[in-house]
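**Student:** model12.cif is the file, holding mmCIF, C-alpha atoms:
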```
data_protein
loop_
_atom_site.label_atom_id
_atom_site.label_comp_id
_atom_site.auth_asym_id
_atom_site.auth_seq_id
_atom_site.Cartn_x
_atom_site.Cartn_y
_atom_site.Cartn_z
CA GLY A 1 -17.21 36.32 9.60
CA THR A 2 -17.66 39.66 7.83
CA GLY A 3 -18.92 38.17 4.58
CA LYS A 4 -15.76 38.46 2.50
CA THR A 5 -16.38 35.34 0.40
CA ALA A 6 -20.09 36.16 0.10
CA THR A 7 -19.15 39.64 -1.14
CA LEU A 8 -16.99 38.14 -3.88
CA THR A 9 -19.73 35.72 -4.85
CA TYR A 10 -22.29 38.49 -5.25
CA ARG A 11 -19.75 40.62 -7.08
CA VAL A 12 -19.30 37.89 -9.69
CA GLY A 13 -23.07 37.68 -10.07
CA MET A 14 -23.40 41.44 -10.54
CA MET A 15 -20.58 41.45 -13.06
CA ILE A 16 -22.47 38.88 -15.12
CA LYS A 17 -26.05 40.11 -14.59
CA GLU A 18 -25.67 43.88 -14.48
CA ALA A 19 -22.37 44.66 -16.21
CA LYS A 20 -23.01 41.98 -18.86
CA ILE A 21 -19.48 40.61 -18.51
CA LYS A 22 -18.97 37.22 -20.14
CA PRO A 23 -18.70 34.51 -17.44
CA ASP A 24 -15.81 32.77 -19.20
CA SER A 25 -13.70 35.94 -18.96
CA ILE A 26 -13.78 35.82 -15.13
CA CYS A 27 -11.20 33.92 -13.10
CA VAL A 28 -11.58 33.48 -9.34
CA PHE A 29 -8.52 32.42 -7.34
CA THR A 30 -8.58 31.01 -3.85
CA TYR A 31 -6.02 29.13 -1.80
CA THR A 32 -7.49 25.68 -1.17
CA ASN A 33 -9.45 23.21 -3.21
CA LYS A 34 -12.14 23.10 -0.53
CA ALA A 35 -12.63 26.87 -0.74
CA ALA A 36 -12.84 26.70 -4.53
CA LYS A 37 -15.53 24.02 -4.29
CA VAL A 38 -17.55 26.12 -1.84
CA MET A 39 -17.31 29.14 -4.15
CA ARG A 40 -18.51 27.12 -7.15
CA GLU A 41 -21.45 25.78 -5.15
CA ARG A 42 -22.43 29.27 -3.99
CA LEU A 43 -22.28 30.65 -7.52
CA LYS A 44 -24.32 27.75 -8.87
CA GLU A 45 -26.94 28.21 -6.18
CA LEU A 46 -27.29 31.96 -6.76
CA TYR A 47 -26.78 32.07 -10.53
CA PRO A 48 -27.49 28.58 -11.89
CA GLN A 49 -27.60 29.57 -15.56
CA ASP A 50 -24.68 31.97 -15.71
CA SER A 51 -21.94 30.77 -13.37
CA SER A 52 -20.89 27.46 -14.91
CA CYS A 53 -18.37 29.14 -17.24
CA VAL A 54 -16.65 31.13 -14.48
CA LEU A 55 -13.21 29.67 -13.75
CA VAL A 56 -12.96 29.10 -10.00
CA THR A 57 -9.60 27.57 -9.16
CA THR A 58 -6.62 27.55 -6.83
CA PHE A 59 -3.23 28.99 -7.66
CA HIS A 60 -1.66 25.53 -7.75
CA SER A 61 -4.35 24.02 -9.97
CA PHE A 62 -4.29 26.98 -12.37
CA CYS A 63 -0.50 26.99 -12.63
CA PHE A 64 -0.26 23.24 -13.06
CA GLN A 65 -2.91 23.24 -15.78
CA LEU A 66 -1.09 26.10 -17.50
CA LEU A 67 2.12 24.06 -17.60
CA ILE A 68 0.31 21.01 -18.99
CA ASP A 69 -1.70 22.97 -21.59
CA ASN A 70 1.47 24.54 -22.95
CA ASP A 71 3.48 21.28 -23.00
CA PHE A 72 5.80 22.59 -20.33
CA ILE A 73 5.29 19.32 -18.49
CA SER A 74 5.64 16.42 -20.86
CA PHE A 75 7.24 13.22 -19.65
CA PRO A 76 7.31 10.08 -21.79
CA SER A 77 4.83 7.60 -20.33
CA SER A 78 7.17 4.70 -21.14
CA SER A 79 9.61 5.90 -18.48
CA SER A 80 7.03 6.28 -15.74
CA PRO A 81 5.97 3.56 -13.32
CA SER A 82 2.62 1.86 -13.56
CA GLU A 83 -0.42 3.61 -12.10
CA GLY A 84 -0.59 1.22 -9.18
CA ASP A 85 2.96 2.13 -8.18
CA GLY A 86 2.35 5.85 -8.11
CA GLY A 87 2.76 6.80 -11.75
CA SER A 88 0.27 6.78 -14.56
CA VAL A 89 -0.02 6.05 -18.23
CA GLY A 90 -0.92 8.42 -21.02
CA GLY A 91 0.39 11.74 -22.28
CA ASP A 92 -0.31 15.38 -21.40
CA GLY A 93 1.70 15.22 -18.20
CA ASP A 94 -0.16 12.26 -16.71
CA SER A 95 3.15 10.54 -15.98
CA CYS A 96 4.36 13.45 -13.88
CA LEU A 97 4.70 12.65 -10.19
CA ILE A 98 3.40 15.22 -7.73
CA PHE A 99 5.59 15.75 -4.67
CA THR A 100 3.24 16.69 -1.83
CA GLU A 101 4.58 18.17 1.39
CA THR A 102 4.36 14.72 2.96
CA ASP A 103 6.52 13.34 0.15
CA GLN A 104 8.99 16.16 0.65
CA ARG A 105 9.30 15.42 4.35
CA MET A 106 9.83 11.72 3.63
CA ILE A 107 12.64 12.49 1.20
CA ILE A 108 14.22 15.04 3.52
CA GLU A 109 14.12 12.53 6.38
CA ASP A 110 15.99 10.05 4.17
CA LEU A 111 18.52 12.71 3.23
CA LEU A 112 19.03 13.61 6.89
CA VAL A 113 19.76 9.96 7.60
CA ALA A 114 22.30 9.98 4.75
CA TRP A 115 23.76 13.28 5.99
CA ARG A 116 24.24 11.98 9.51
CA ALA A 117 25.86 8.81 8.21
CA LYS A 118 28.11 10.85 5.94
CA LYS A 119 29.26 13.00 8.85
CA ARG A 120 30.14 9.78 10.72
CA ASP A 121 31.98 8.50 7.64
CA LYS A 122 29.46 5.70 7.23
CA PRO A 123 27.84 6.19 3.81
CA THR A 124 24.33 4.82 3.66
CA THR A 125 21.57 4.56 1.10
CA PRO A 126 18.46 6.59 2.00
CA SER A 127 15.30 4.54 1.76
CA SER A 128 14.07 6.70 -1.09
CA LEU A 129 17.11 5.49 -3.04
CA SER A 130 16.74 1.91 -4.11
CA SER A 131 17.31 -0.33 -7.09
CA SER A 132 15.24 0.41 -10.18
CA SER A 133 15.54 0.87 -13.91
CA ARG A 134 15.75 4.64 -13.63
CA PRO A 135 18.98 6.51 -14.44
CA PRO A 136 21.51 6.81 -11.61
CA LEU A 137 22.15 9.97 -9.67
CA SER A 138 24.90 12.27 -10.82
CA SER A 139 28.43 11.61 -9.69
CA SER A 140 28.09 14.22 -6.97
CA SER A 141 25.59 12.05 -5.11
CA SER A 142 26.55 10.42 -1.85
CA SER A 143 25.21 7.12 -3.13
CA SER A 144 25.61 5.23 -6.37
CA SER A 145 22.12 3.83 -6.00
CA VAL A 146 19.38 4.72 -8.41
CA LEU A 147 15.96 6.07 -7.69
CA SER A 148 12.60 4.46 -7.27
CA PRO A 149 9.46 6.36 -6.24
CA ARG A 150 7.69 5.42 -3.07
CA ARG A 151 4.15 4.17 -3.22
CA GLY A 152 1.87 7.11 -2.57
CA PHE A 153 3.33 9.81 -4.81
CA ARG A 154 0.44 11.42 -6.62
CA THR A 155 0.17 11.66 -10.37
CA ALA A 156 -0.85 14.64 -12.44
CA ARG A 157 -4.21 13.01 -13.09
CA SER A 158 -5.01 12.45 -9.40
CA PHE A 159 -3.89 15.99 -8.57
CA MET A 160 -6.27 17.56 -11.07
CA GLN A 161 -9.15 15.32 -9.95
CA GLN A 162 -8.71 15.42 -6.17
CA GLY A 163 -7.17 18.71 -5.14
CA ASP A 164 -3.97 20.44 -4.22
CA ALA A 165 -2.24 22.09 -1.29
CA ASP A 166 -4.93 21.44 1.26
CA ASP A 167 -4.92 17.74 0.38
CA SER A 168 -1.19 17.27 0.65
CA ASN A 169 -1.15 15.33 3.90
CA ASN A 170 -3.09 12.29 2.78
CA ASN A 171 -0.10 9.98 2.64
CA SER A 172 0.11 9.29 6.37
CA GLU A 173 -0.15 5.54 5.88
CA ASP A 174 2.77 5.54 3.45
CA GLU A 175 4.75 7.85 5.72
CA SER A 176 4.09 5.57 8.68
CA SER A 177 5.15 2.41 6.86
CA SER A 178 8.22 4.18 5.50
CA SER A 179 9.17 5.47 8.94
CA SER A 180 9.08 2.01 10.45
CA SER A 181 11.81 0.89 8.06
CA ARG A 182 14.15 3.53 9.51
CA SER A 183 13.45 2.89 13.19
CA SER A 184 17.01 3.40 14.38
CA LEU A 185 17.18 7.01 13.22
CA SER A 186 13.51 8.01 12.97
CA SER A 187 13.40 9.91 16.23
CA ARG A 188 11.15 12.78 17.12
CA SER A 189 14.05 15.17 16.55
CA LEU A 190 14.53 13.79 13.04
CA LYS A 191 10.89 14.43 12.19
CA SER A 192 11.04 17.88 13.70
CA ARG A 193 14.17 18.75 11.74
CA SER A 194 12.68 17.40 8.49
CA ASN A 195 9.60 19.61 9.02
CA GLU A 196 11.82 22.65 9.53
CA LEU A 197 13.86 21.85 6.43
CA CYS A 198 10.73 21.23 4.35
CA THR A 199 9.50 24.73 5.19
CA TRP A 200 12.96 26.19 4.59
CA LEU A 201 13.31 24.40 1.24
CA ASN A 202 10.04 25.71 -0.16
CA ASN A 203 10.66 29.23 1.10
CA ALA A 204 14.16 29.20 -0.40
CA LYS A 205 12.77 28.15 -3.77
CA LEU A 206 10.04 30.79 -3.66
CA ARG A 207 12.72 33.39 -2.92
CA GLY A 208 14.63 32.30 -6.02
CA LEU A 209 17.58 30.72 -4.21
CA ASP A 210 19.54 27.72 -5.46
CA LYS A 211 22.27 25.45 -4.10
CA HIS A 212 24.98 28.00 -4.84
CA ASP A 213 23.47 30.30 -2.21
CA PHE A 214 24.46 27.84 0.54
CA ASP A 215 27.93 26.89 1.74
CA GLU A 216 29.15 23.79 -0.03
CA GLY A 217 29.51 21.03 2.52
CA SER A 218 26.73 22.41 4.70
CA GLN A 219 23.61 20.43 5.56
CA LYS A 220 21.36 22.84 3.65
CA HIS A 221 23.51 22.59 0.52
CA PHE A 222 23.36 18.79 0.79
CA ILE A 223 19.57 18.74 1.25
CA PHE A 224 18.89 21.30 -1.48
CA THR A 225 21.16 19.60 -4.02
CA HIS A 226 20.03 16.01 -3.49
CA TYR A 227 16.35 16.83 -3.12
CA HIS A 228 16.41 18.34 -6.61
CA GLU A 229 18.40 15.41 -7.98
CA ILE A 230 15.82 12.99 -6.60
CA LYS A 231 12.94 15.07 -7.95
CA GLU A 232 14.50 15.33 -11.38
CA ALA A 233 15.32 11.62 -11.59
CA MET A 234 11.76 10.75 -10.54
CA GLN A 235 10.36 13.22 -13.08
CA GLY A 236 8.51 15.02 -10.32
CA ILE A 237 7.18 18.45 -9.55
CA ASP A 238 6.25 19.97 -6.19
CA PHE A 239 3.80 22.73 -5.32
CA SER A 240 6.45 25.44 -5.32
CA ASP A 241 7.60 24.35 -8.78
CA MET A 242 4.07 24.68 -10.15
CA VAL A 243 3.74 28.34 -9.28
CA ILE A 244 7.36 29.29 -10.02
CA GLN A 245 7.44 27.62 -13.43
CA ALA A 246 4.04 29.01 -14.43
CA ARG A 247 5.15 32.50 -13.37
CA ASP A 248 8.35 32.17 -15.39
CA LEU A 249 6.45 30.93 -18.43
CA LEU A 250 4.02 33.86 -18.32
CA LEU A 251 6.91 36.25 -17.82
CA GLU A 252 9.17 34.93 -20.57
CA ASP A 253 6.76 33.79 -23.31
CA ASP A 254 4.82 36.71 -24.79
CA GLN A 255 2.65 34.45 -26.94
CA ILE A 256 1.51 32.31 -24.02
CA ARG A 257 0.91 35.35 -21.84
CA GLU A 258 -1.19 37.03 -24.54
CA LYS A 259 -3.24 33.85 -24.92
CA TYR A 260 -4.26 34.00 -21.27
CA LEU A 261 -4.78 37.76 -21.33
CA SER A 262 -7.22 37.39 -24.22
CA ARG A 263 -9.15 34.78 -22.27
CA ILE A 264 -9.05 36.19 -18.71
CA ARG A 265 -10.23 39.77 -18.47
CA TYR A 266 -11.29 39.94 -14.82
CA VAL A 267 -9.49 38.42 -11.84
CA ILE A 268 -10.88 37.96 -8.34
CA VAL A 269 -8.78 36.71 -5.42
CA ASP A 270 -10.19 35.29 -2.20
CA GLU A 271 -8.03 34.88 0.94
CA TYR A 272 -5.48 37.26 -0.53
CA GLN A 273 -3.57 37.35 2.77
CA ASP A 274 -2.43 33.77 2.15
CA THR A 275 -0.64 34.53 -1.13
CA GLY A 276 3.09 35.05 -1.51
CA HIS A 277 5.28 37.10 -3.81
CA VAL A 278 5.31 34.47 -6.56
CA GLN A 279 1.50 34.27 -6.58
CA PHE A 280 1.42 38.06 -6.75
CA ASP A 281 3.69 37.91 -9.79
CA VAL A 282 1.17 35.59 -11.46
CA LEU A 283 -1.65 38.03 -10.67
CA ARG A 284 0.39 40.98 -11.91
CA LEU A 285 1.12 39.24 -15.20
CA LEU A 286 -2.54 38.31 -15.67
CA CYS A 287 -3.83 41.80 -14.82
CA PRO A 288 -2.04 44.47 -16.85
CA HIS A 289 -5.52 45.94 -17.36
CA GLY A 290 -6.03 46.35 -13.60
CA HIS A 291 -9.35 44.47 -13.54
CA ILE A 292 -8.68 42.77 -10.22
CA THR A 293 -10.49 42.46 -6.89
CA ALA A 294 -8.74 41.04 -3.84
CA VAL A 295 -10.38 40.22 -0.53
CA GLY A 296 -8.58 39.22 2.64
CA ASP A 297 -7.68 39.98 6.23
CA PRO A 298 -4.02 40.31 7.30
CA ASN A 299 -5.02 39.17 10.79
CA GLN A 300 -6.20 35.85 9.37
CA ALA A 301 -2.97 34.93 7.60
CA ILE A 302 -2.28 31.28 8.40
CA TYR A 303 0.27 30.36 5.74
CA THR A 304 3.23 32.59 6.64
CA TRP A 305 5.24 29.38 7.10
CA ARG A 306 4.49 28.71 3.41
CA SER A 307 6.05 32.01 2.37
CA SER A 308 2.80 33.95 2.29
CA THR A 309 3.47 37.59 3.12
CA ALA A 310 0.21 39.19 4.23
CA SER A 311 1.40 42.72 5.02
CA SER A 312 3.89 43.13 2.18
CA ASN A 313 1.47 41.71 -0.38
CA TRP A 314 -1.09 44.40 0.43
CA ILE A 315 1.67 46.95 -0.04
CA LEU A 316 2.56 45.36 -3.40
CA PHE A 317 -1.10 45.41 -4.44
CA HIS A 318 -1.48 49.13 -3.77
CA ARG A 319 1.90 49.90 -5.27
CA HIS A 320 1.11 48.08 -8.51
CA PHE A 321 -2.62 48.78 -8.87
CA GLY A 322 -2.71 51.86 -6.65
CA THR A 323 -3.66 54.46 -9.22
CA SER A 324 -7.08 52.87 -9.66
CA ALA A 325 -7.44 50.72 -6.53
CA THR A 326 -10.27 51.38 -4.10
CA THR A 327 -10.21 49.99 -0.56
CA LEU A 328 -13.47 48.95 1.09
CA TYR A 329 -13.70 47.72 4.68
CA LEU A 330 -16.11 45.05 5.86
CA THR A 331 -16.52 45.80 9.56
CA LYS A 332 -19.69 43.99 10.60
CA ASN A 333 -19.28 40.43 11.87
CA TYR A 334 -22.11 38.00 11.14
CA ARG A 335 -20.57 34.93 12.71
CA SER A 336 -19.43 35.61 16.28
CA THR A 337 -21.04 36.88 19.46
CA PRO A 338 -20.13 40.34 20.82
CA ASN A 339 -18.01 38.83 23.61
CA ILE A 340 -15.91 36.84 21.13
CA ILE A 341 -15.40 39.90 18.93
CA LYS A 342 -14.41 42.00 21.94
CA VAL A 343 -11.79 39.49 23.10
CA ALA A 344 -10.47 39.02 19.56
CA ASN A 345 -10.02 42.76 19.08
CA LEU A 346 -8.20 43.02 22.42
CA LEU A 347 -5.78 40.30 21.34
CA LEU A 348 -5.19 41.91 17.95
CA HIS A 349 -4.45 45.28 19.50
CA LYS A 350 -1.81 43.68 21.74
CA GLN A 351 0.15 42.25 18.79
#
```
Would you kindly transcribe this structure into structure tokens?
**Tutor:**
Amino acid sequence: GTGKTATLTYRVGMMIKEAKIKPDSICVFTYTNKAAKVMRERLKELYPQDSSCVLVTTFHSFCFQLLIDNDFISFPSSSSPSEGDGGSVGGDGDSCLIFTETDQRMIIEDLLVAWRAKKRDKPTTPSSLSSSSRPPLSSSSSSSSVLSPRRGFRTARSFMQQGDADDSNNNSEDESSSSSSRSSLSSRSLKSRSNELCTWLNNAKLRGLDKHDFDEGSQKHFIFTHYHEIKEAMQGIDFSDMVIQARDLLLEDDQIREKYLSRIRYVIVDEYQDTGHVQFDVLRLLCPHGHITAVGDPNQAIYTWRSSTASSNWILFHRHFGTSATTLYLTKNYRSTPNIIKVANLLLHKQ
């Protein structure tokens, strides 16, 4: 309620109007598609003639588009399912399947069922493994079945049109129908464990871990290994992959990195407290010039379970950009009553 997003909006306008910075050289990052839409609308309302060329995006959308534009995601459309079954036709990554967090939980639930059966010496086929024309799993798999995507997996096209991380729970109908087919083992504890493992899996990937970092024969090794086998066989990509692969591409390919550096000269980040180390790496690679503004509040971090690191990311920001970084504090609240602010401050001081 202190006007953080409004401050960024007016800053963009001043950069264009007063500093005469080209709008298409400005990139604004935020965390959710909804927030990006609000920012675009505010800019359009305040600066209707100048703001249309400003790139306002989310980290996931930017990274995914980067992978597509540089042919890093390119799956033959002939091997993808029809659009009605969750795939799509056409090139430029349209056939890529997006694994949302709901999809991840569904797969992990299936793998937990298979794990429990394996421990009881009763091999079973998870419901995400069924007959299809796709190639079989590797010989290390617990099942000789082959893979077929569930209905409801999003395609690259739908991802770019509809949104990203904040829209990842729209498959509840598919999850419900899938769960009913596994009634004997779909207990509340199974769902709870799959949620825990979904968070663990994404955090492990964002920390750069792989299956060799877990004891062979353990549940985590089993989940990590077979999740990636399923994803690879289904030609899929999840939200962690988008940011990790884009970061790696910017880091390893000088030509691609220089292409983006020549285009993006000024970077602005909203809700900075919700970014993680991999997102910071992307920002660092895009801002060797130090033209970056970040706004956020460590006390409002809500994505720590998604590997966001509010306190350490502020430390990284000052460590990397510290020689020229200026810190400004927005201390006046325009949203809440004095009583609410008083109680909130009391709670924060007790942390």
**Student:** Just to confirm, what's the straight-line distance from atom CA of Thr9 of chain A to atom CA of Asn299 of chain A in Å (one decimal)?
**Tutor:** 21.7 Å
**Student:** A:Gln235, A:Asn33, A:Ser61, A:Thr225: which is nearest Leu111 of chain A, counting only C-alpha atoms?
**Tutor:**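 That would be A:Thr225, the residue with the smallest distance to Leu111 of chain A.
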**Student:** Out of A:Asp238, A:Asp24, A:Asp215, A:Asp270, which residue has the shortest atom-to-atom distance to Thr5 of chain A when counting all atoms listed in the file?
**Tutor:**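 Among the listed residues, the smallest separation from Thr5 of chain A belongs to A:Asp270.
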**Student:** Tell me which of A:Asn70, A:Asp50, A:Thr58, A:Ile223 sits closest to Gln255 of chain A, counting all atoms listed in the file.
**Tutor:**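 Closest to Gln255 of chain A of all the choices is A:Asn70.
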**Student:** Identify, on the basis of all atoms listed in the file, every residue whose closest approach to Leu283 of chain A does not exceed 9 Å; exclude the query and any residue fewer than 3 positions from it along the same chain; express the result as a PDB file with C-alpha atoms, in the frame of the given file.
**Tutor:**
```
ATOM      1  CA  VAL A 267      -9.490  38.420 -11.840  1.00  0.00           C
ATOM      2  CA  VAL A 269      -8.780  36.710  -5.420  1.00  0.00           C
ATOM      3  CA  VAL A 278       5.310  34.470  -6.560  1.00  0.00           C
ATOM      4  CA  GLN A 279       1.500  34.270  -6.580  1.00  0.00           C
ATOM      5  CA  PHE A 280       1.420  38.060  -6.750  1.00  0.00           C
ATOM      6  CA  LEU A 286      -2.540  38.310 -15.670  1.00  0.00           C
ATOM      7  CA  CYS A 287      -3.830  41.800 -14.820  1.00  0.00           C
ATOM      8  CA  PRO A 288      -2.040  44.470 -16.850  1.00  0.00           C
ATOM      9  CA  ILE A 292      -8.680  42.770 -10.220  1.00  0.00           C
TER      10      ILE A 292
END
```
**Student:** Residues at most 12 Å from Met15 of chain A, counting all atoms listed in the file, excluding those fewer than 4 positions away in the same chain, as number ranges by chain?
**Tutor:** A: 8-11, 19-26, 47, 50-51, 54, 265-268, 291, 293
**Student:** Limited to C-alpha atoms, could you put the picked residues into a file as a PDB file, in the coordinates of the input?
**Tutor:**
```pdb
ATOM      1  CA  LEU A   8     -16.990  38.140  -3.880  1.00  0.00           C
ATOM      2  CA  THR A   9     -19.730  35.720  -4.850  1.00  0.00           C
ATOM      3  CA  TYR A  10     -22.290  38.490  -5.250  1.00  0.00           C
ATOM      4  CA  ARG A  11     -19.750  40.620  -7.080  1.00  0.00           C
ATOM      5  CA  ALA A  19     -22.370  44.660 -16.210  1.00  0.00           C
ATOM      6  CA  LYS A  20     -23.010  41.980 -18.860  1.00  0.00           C
ATOM      7  CA  ILE A  21     -19.480  40.610 -18.510  1.00  0.00           C
ATOM      8  CA  LYS A  22     -18.970  37.220 -20.140  1.00  0.00           C
ATOM      9  CA  PRO A  23     -18.700  34.510 -17.440  1.00  0.00           C
ATOM     10  CA  ASP A  24     -15.810  32.770 -19.200  1.00  0.00           C
ATOM     11  CA  SER A  25     -13.700  35.940 -18.960  1.00  0.00           C
ATOM     12  CA  ILE A  26     -13.780  35.820 -15.130  1.00  0.00           C
ATOM     13  CA  TYR A  47     -26.780  32.070 -10.530  1.00  0.00           C
ATOM     14  CA  ASP A  50     -24.680  31.970 -15.710  1.00  0.00           C
ATOM     15  CA  SER A  51     -21.940  30.770 -13.370  1.00  0.00           C
ATOM     16  CA  VAL A  54     -16.650  31.130 -14.480  1.00  0.00           C
ATOM     17  CA  ARG A 265     -10.230  39.770 -18.470  1.00  0.00           C
ATOM     18  CA  TYR A 266     -11.290  39.940 -14.820  1.00  0.00           C
ATOM     19  CA  VAL A 267      -9.490  38.420 -11.840  1.00  0.00           C
ATOM     20  CA  ILE A 268     -10.880  37.960  -8.340  1.00  0.00           C
ATOM     21  CA  HIS A 291      -9.350  44.470 -13.540  1.00  0.00           C
ATOM     22  CA  THR A 293     -10.490  42.460  -6.890  1.00  0.00           C
TER      23      THR A 293
END
```
**Student:** In Å to one decimal, how far is atom CA of Gly1 of chain A from atom CA of Arg335 of chain A?
**Tutor:**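 Spanning atom CA of Arg335 of chain A to atom CA of Gly1 of chain A is a straight-line distance of 4.8 Å.
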**Student:** I'd like the residues picked by the PyMOL selection byres ((chain A and resi 239) around 10) written out as a VMD selection string, using the chain letters and numbers from the file.
**Tutor:** chain A and resid 59 to 61 63 to 64 98 to 101 164 to 165 168 202 237 to 238 240 to 244
**Student:** Mind dumping the selected residues with C-alpha atoms as a short mmCIF file (atom, residue, chain, number, x, y, z; two decimals), keeping the file's coordinate frame?
**Tutor:**
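Final file, part_0.cif:
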```
data_model
loop_
_atom_site.label_atom_id
_atom_site.label_comp_id
_atom_site.auth_asym_id
_atom_site.auth_seq_id
_atom_site.Cartn_x
_atom_site.Cartn_y
_atom_site.Cartn_z
CA PHE A 59 -3.23 28.99 -7.66
CA HIS A 60 -1.66 25.53 -7.75
CA SER A 61 -4.35 24.02 -9.97
CA CYS A 63 -0.50 26.99 -12.63
CA PHE A 64 -0.26 23.24 -13.06
CA ILE A 98 3.40 15.22 -7.73
CA PHE A 99 5.59 15.75 -4.67
CA THR A 100 3.24 16.69 -1.83
CA GLU A 101 4.58 18.17 1.39
CA ASP A 164 -3.97 20.44 -4.22
CA ALA A 165 -2.24 22.09 -1.29
CA SER A 168 -1.19 17.27 0.65
CA ASN A 202 10.04 25.71 -0.16
CA ILE A 237 7.18 18.45 -9.55
CA ASP A 238 6.25 19.97 -6.19
CA SER A 240 6.45 25.44 -5.32
CA ASP A 241 7.60 24.35 -8.78
CA MET A 242 4.07 24.68 -10.15
CA VAL A 243 3.74 28.34 -9.28
CA ILE A 244 7.36 29.29 -10.02
#
```
**Student:** What separation in Å, quoted to one decimal, exists between atom CA of Leu285 of chain A and atom CA of Leu250 of chain A?
**Tutor:** 6.9 Å
**Student:** Please write the residues picked by the PyMOL selection byres ((chain A and resi 193) around 12) on this file as an MDAnalysis selection string.
**Tutor:** chainID A and resid 105:106 108:113 186:192 194:201 219:220 223
